[in-house]
>>> print(open('data.txt').read())   # compact mmCIF, C-alpha atoms
# COMPACT_ATOMS: atom_id res chain seq x y z
CA MET L 29 322.85 172.33 154.71
CA ALA L 30 326.12 174.13 153.87
CA GLY L 31 325.66 177.15 151.64
CA GLU L 32 322.22 178.09 152.91
CA LYS L 33 321.71 181.83 153.24
CA ILE L 34 321.47 183.43 156.67
CA LEU L 35 320.69 187.07 157.39
CA VAL L 36 321.90 188.37 160.76
CA ILE L 37 320.18 191.55 161.99
CA GLU L 38 322.03 192.65 165.13
CA ASP L 39 323.13 196.12 166.23
CA GLU L 40 325.85 195.08 168.70
CA ARG L 41 328.99 195.01 166.56
CA ASP L 42 330.89 192.48 168.70
CA ILE L 43 328.01 190.00 168.66
CA LEU L 44 327.43 190.56 164.95
CA GLU L 45 331.06 189.74 164.15
CA VAL L 46 331.04 186.61 166.32
CA LEU L 47 327.86 185.36 164.65
CA GLU L 48 329.14 186.09 161.16
CA TYR L 49 332.45 184.34 161.84
CA ASN L 50 330.97 181.19 163.35
CA LEU L 51 328.19 180.80 160.78
CA THR L 52 330.59 181.38 157.87
CA ARG L 53 332.95 178.79 159.34
CA GLU L 54 330.06 176.29 159.27
CA GLY L 55 329.64 176.89 155.54
CA PHE L 56 326.67 179.25 155.57
CA SER L 57 326.41 182.27 153.28
CA VAL L 58 326.01 185.18 155.71
CA THR L 59 324.65 188.69 155.16
CA THR L 60 324.52 191.18 158.02
CA SER L 61 322.68 194.33 159.02
CA SER L 62 322.69 196.47 162.16
CA ASP L 63 319.40 198.26 161.47
CA GLY L 64 315.80 197.03 161.47
CA VAL L 65 314.70 198.93 158.36
CA GLU L 66 317.76 197.91 156.34
CA GLY L 67 317.46 194.33 157.60
CA LEU L 68 313.83 194.10 156.50
CA ASP L 69 314.77 195.39 153.03
CA LEU L 70 317.60 192.84 152.78
CA ALA L 71 315.19 190.04 153.75
CA LYS L 72 312.74 191.09 151.03
CA ASN L 73 315.44 191.36 148.38
CA SER L 74 317.72 188.43 149.16
CA HIS L 75 315.19 185.87 150.49
CA PRO L 76 317.48 184.16 153.05
CA ASP L 77 316.72 180.69 154.37
CA LEU L 78 316.89 181.93 157.96
CA ILE L 79 317.10 185.23 159.84
CA LEU L 80 318.80 185.74 163.19
CA LEU L 81 316.85 188.70 164.51
CA ASP L 82 317.82 190.82 167.49
CA LEU L 83 314.76 192.32 169.18
CA MET L 84 316.36 195.61 170.24
CA LEU L 85 317.18 197.34 166.97
CA PRO L 86 317.42 200.94 165.77
CA GLY L 87 315.07 202.07 163.03
CA LEU L 88 312.57 199.24 163.50
CA ASP L 89 312.51 196.85 166.44
CA GLY L 90 312.79 193.10 165.95
CA LEU L 91 309.17 192.31 166.74
CA GLU L 92 307.97 194.75 164.09
CA VAL L 93 310.44 193.30 161.58
CA CYS L 94 309.13 189.81 162.33
CA LYS L 95 305.53 190.97 162.03
CA ARG L 96 306.12 192.57 158.62
CA LEU L 97 308.00 189.53 157.34
CA LYS L 98 305.14 187.21 158.27
CA GLU L 99 302.50 189.48 156.71
CA VAL L 100 303.92 189.13 153.18
CA SER L 101 303.64 185.89 151.21
CA ALA L 102 307.12 186.32 149.69
CA THR L 103 308.84 186.34 153.10
CA LYS L 104 306.44 184.61 155.51
CA SER L 105 308.10 181.21 155.04
CA ILE L 106 311.57 182.47 156.04
CA SER L 107 312.63 180.90 159.32
CA VAL L 108 313.29 183.36 162.15
CA ILE L 109 315.28 182.88 165.34
CA MET L 110 314.91 185.75 167.79
CA VAL L 111 317.98 186.88 169.71
CA THR L 112 316.81 188.25 173.05
CA ALA L 113 318.19 189.71 176.26
CA LYS L 114 317.50 187.79 179.46
CA GLY L 115 314.17 188.60 181.03
CA GLU L 116 312.35 189.38 177.78
CA GLU L 117 309.86 186.54 178.21
CA SER L 118 306.90 188.68 177.18
CA ASP L 119 308.66 189.66 173.95
CA ILE L 120 309.47 186.00 173.26
CA VAL L 121 305.80 185.06 173.64
CA ILE L 122 304.80 187.87 171.26
CA GLY L 123 307.51 186.92 168.77
CA LEU L 124 306.51 183.27 168.69
CA GLY L 125 302.92 184.37 168.24
CA LEU L 126 303.99 186.45 165.24
CA GLY L 127 305.56 183.41 163.60
CA ALA L 128 309.17 183.23 164.83
CA ASP L 129 310.52 179.66 164.92
CA ASP L 130 312.74 179.80 167.98
CA TYR L 131 314.72 182.10 170.25
CA VAL L 132 318.11 182.23 171.92
CA ALA L 133 318.80 184.37 174.97
CA LYS L 134 321.91 186.48 175.50
CA PRO L 135 324.50 185.64 176.61
CA PHE L 136 324.80 182.49 174.48
CA SER L 137 327.63 180.34 173.22
CA PRO L 138 328.34 180.35 169.48
CA LYS L 139 328.09 176.54 169.54
CA GLU L 140 324.60 176.70 171.02
CA LEU L 141 323.44 179.25 168.48
CA VAL L 142 324.85 177.33 165.51
CA GLY L 143 323.09 174.24 166.84
CA ARG L 144 319.78 176.12 166.99
CA VAL L 145 320.26 177.40 163.45
CA LYS L 146 320.92 173.91 162.11
CA ALA L 147 317.94 172.49 164.00
CA VAL L 148 315.52 175.11 162.63
CA LEU L 149 316.79 174.66 159.07
CA ARG L 150 316.56 170.88 159.40
CA ARG L 151 312.94 170.78 160.48
CA GLY L 152 311.76 173.26 157.87
CA PRO L 153 308.40 175.05 157.79
CA LEU L 154 305.82 174.75 160.54
CA LYS L 155 303.59 171.68 160.08
CA LEU L 156 299.95 172.59 160.62
CA PRO L 157 297.04 170.14 160.64
CA GLY L 158 296.73 168.71 157.16
CA THR L 159 300.49 168.82 156.54
CA GLN L 160 301.57 166.66 159.48
CA LYS L 161 302.90 163.13 159.13
CA GLU L 162 300.33 160.35 159.38
CA LYS L 163 302.65 158.29 161.57
CA ILE L 164 305.28 159.60 163.99
CA THR L 165 307.66 157.25 165.77
CA ARG L 166 309.63 158.33 168.84
CA GLU L 167 311.66 155.67 170.63
CA ASN L 168 309.14 153.22 172.05
CA PHE L 169 305.88 154.89 171.06
CA VAL L 170 304.02 155.57 167.82
CA ILE L 171 301.44 158.25 167.01
CA ASP L 172 299.15 157.19 164.16
CA SER L 173 296.82 159.96 162.97
CA VAL L 174 294.96 157.70 160.52
CA LYS L 175 294.02 155.20 163.20
CA HIS L 176 293.85 158.03 165.77
CA GLU L 177 295.84 155.98 168.26
CA VAL L 178 299.03 156.06 170.28
CA ARG L 179 301.02 152.93 171.10
CA LEU L 180 303.54 152.75 173.93
CA ASP L 181 305.75 149.64 174.00
CA GLY L 182 303.39 148.18 171.41
CA LYS L 183 300.32 148.65 173.60
CA PRO L 184 297.55 151.16 172.84
CA VAL L 185 297.23 154.17 175.15
CA MET L 186 293.91 155.97 175.39
CA PHE L 187 293.96 159.73 174.78
CA THR L 188 291.03 162.09 174.55
CA ALA L 189 290.54 163.79 171.18
CA THR L 190 292.02 167.05 172.50
CA GLU L 191 295.00 165.31 174.10
CA PHE L 192 295.70 163.43 170.89
CA ARG L 193 295.63 166.61 168.79
CA ILE L 194 298.00 168.38 171.18
CA LEU L 195 300.45 165.47 171.23
CA HIS L 196 300.35 164.99 167.46
CA PHE L 197 300.82 168.71 166.78
CA LEU L 198 303.81 169.06 169.13
CA ALA L 199 305.44 165.83 167.91
CA SER L 200 305.00 166.97 164.29
CA ASN L 201 307.06 170.08 165.08
CA PRO L 202 309.91 168.85 167.30
CA GLY L 203 312.15 171.52 168.77
CA ARG L 204 309.69 174.37 168.16
CA VAL L 205 308.44 176.33 171.14
CA PHE L 206 304.69 177.02 171.15
CA THR L 207 302.75 179.36 173.38
CA ARG L 208 299.48 178.12 174.84
CA ASP L 209 297.53 180.28 172.41
CA GLU L 210 299.43 178.78 169.48
CA ILE L 211 298.66 175.26 170.67
CA ILE L 212 294.98 176.18 170.91
CA SER L 213 294.79 177.84 167.48
CA ASN L 214 297.15 175.57 165.52
CA GLY L 215 297.10 172.26 167.37
CA ILE L 216 293.53 172.05 168.57
CA GLY L 217 291.64 174.45 166.35
CA GLY L 218 290.12 177.83 167.02
CA ASP L 219 286.63 176.36 167.29
CA ALA L 220 287.54 174.16 170.28
CA PHE L 221 286.40 175.33 173.70
CA VAL L 222 289.81 175.35 175.38
CA VAL L 223 291.17 178.34 177.26
CA ASP L 224 294.77 179.30 177.91
CA ARG L 225 295.46 177.59 181.23
CA ASN L 226 293.45 174.49 180.34
CA ILE L 227 296.38 173.58 178.10
CA ASP L 228 298.46 172.94 181.22
CA VAL L 229 295.91 170.40 182.43
CA HIS L 230 295.90 168.62 179.07
CA ILE L 231 299.71 168.59 178.94
CA ARG L 232 299.91 167.07 182.43
CA SER L 233 297.49 164.36 181.37
CA VAL L 234 299.43 163.62 178.17
CA ARG L 235 302.70 163.38 180.11
CA LYS L 236 301.19 161.02 182.65
CA LYS L 237 300.01 158.70 179.89
CA LEU L 238 303.40 158.78 178.17
CA GLU L 239 304.92 157.38 181.37
CA ARG L 240 308.73 157.29 181.15
CA GLN L 241 308.63 159.22 177.87
CA LYS L 242 306.90 162.18 179.51
CA SER L 243 310.10 164.26 179.45
CA LEU L 244 309.81 164.50 175.65
CA ILE L 245 307.31 167.31 176.22
CA GLU L 246 309.34 170.15 177.70
CA THR L 247 308.04 173.15 179.61
CA ILE L 248 309.63 176.45 178.56
CA ARG L 249 309.10 178.63 181.61
CA GLY L 250 306.92 181.66 181.06
CA ILE L 251 306.39 180.79 177.38
CA GLY L 252 304.81 177.42 176.66
CA TYR L 253 305.84 173.94 175.52
CA ARG L 254 307.89 172.07 172.97
CA PHE L 255 308.44 168.48 171.92
CA MET L 256 312.09 167.47 172.22
CA ASP L 257 313.99 167.32 168.95
CA MET L 258 315.61 163.88 169.07
CA ALA L 259 318.11 164.86 166.38
CA GLU L 260 319.61 167.73 168.42
>>> encode(input="data.txt", output="structure tokens")
Amino acid sequence: MAGEKILVIEDERDILEVLEYNLTREGFSVTTSSDGVEGLDLAKNSHPDLILLDLMLPGLDGLEVCKRLKEVSATKSISVIMVTAKGEESDIVIGLGLGADDYVAKPFSPKELVGRVKAVLRRGPLKLPGTQKEKITRENFVIDSVKHEVRLDGKPVMFTATEFRILHFLASNPGRVFTRDEIISNGIGGDAFVVDRNIDVHIRSVRKKLERQKSLIETIRGIGYRFMDMAE
């Protein structure tokens, strides 16, 4: 993982210097920018492995930068972690919907942020249906997409088709936060008749069936859900 390129786009000089110092110390190659327009140009020209993107930027705000990155094939696969101020839940939801991989809220510890960076780089690109693993093992249960079954302590657990797709999608992308809309469009499929808040009902049912492993599906208040990254 050492040597991977990270672009930090942050207009607060103190925070920018702290991020650059800590990421460089971990062995990353770090480029910085304090402006949205300049940062977007750097991303297009240098093709970093990951971008730490502040949302409140001069020139071009972070959400617009993220949107433009994800619209172009050359940059859409670059991982993005949004750096947000507390209380920007609506912006986080929008950012995740635009294709950001994760977020970290200010104030944060450098250790926490470096951990998030390593986790996002480790898990790589988003796994959509068709690119997900056929078999996922987490502690004492197994999700088998070929057999379309889940086993808990070696015993089969019955899930509806929708519940199974939700569980398999989240488990295929551990550590990533997904909004309800993203779960519907990416995990279930846009043709399924499932509305926003119905996801909560399905998640509750999945958790109940997972019994003592139910905590693996985490609720991110005001945003959505994620499957715990066991490697973090």
>>> atom_distance(input="data.txt", atom1="CA of Gly67 (chain L)", atom2="CA of Pro202 (chain L)")
28.3 Å
>>> residues_around(input="data.txt", residues="Val148 (chain L)", least_positions_apart="3", cutoff="8 Å", atoms="only C-alpha atoms", output="MDAnalysis selection string")
chainID L and resid 107 129:130 144:145 151:152 203
>>> write_last_selection(input="data.txt", atoms="C-alpha atoms", output="PDB file, keeping the file's coordinate frame")
ATOM      1  CA  SER L 107     312.630 180.900 159.320  1.00  0.00           C
ATOM      2  CA  ASP L 129     310.520 179.660 164.920  1.00  0.00           C
ATOM      3  CA  ASP L 130     312.740 179.800 167.980  1.00  0.00           C
ATOM      4  CA  ARG L 144     319.780 176.120 166.990  1.00  0.00           C
ATOM      5  CA  VAL L 145     320.260 177.400 163.450  1.00  0.00           C
ATOM      6  CA  ARG L 151     312.940 170.780 160.480  1.00  0.00           C
ATOM      7  CA  GLY L 152     311.760 173.260 157.870  1.00  0.00           C
ATOM      8  CA  GLY L 203     312.150 171.520 168.770  1.00  0.00           C
TER       9      GLY L 203
END
>>> atom_distance(input="data.txt", atom1="CA of Leu180 (chain L)", atom2="CA of Lys161 (chain L)")
18.1 Å
>>> atom_distance(input="data.txt", atom1="CA of Met110 (chain L)", atom2="CA of Ile231 (chain L)")
25.5 Å
>>> residues_around(input="data.txt", residues="Ile37 (chain L)", least_positions_apart="4", cutoff="10 Å", atoms="all atoms listed in the file", output="PyMOL selection string")
chain L and resi 44+59-68+70-71+79-85+90+93+110-111
>>> closest_residue(input="data.txt", among="L:Val46, L:Ile216, L:Leu91, L:Val121", to="Ala189 (chain L)", atoms="only C-alpha atoms")
L:Ile216
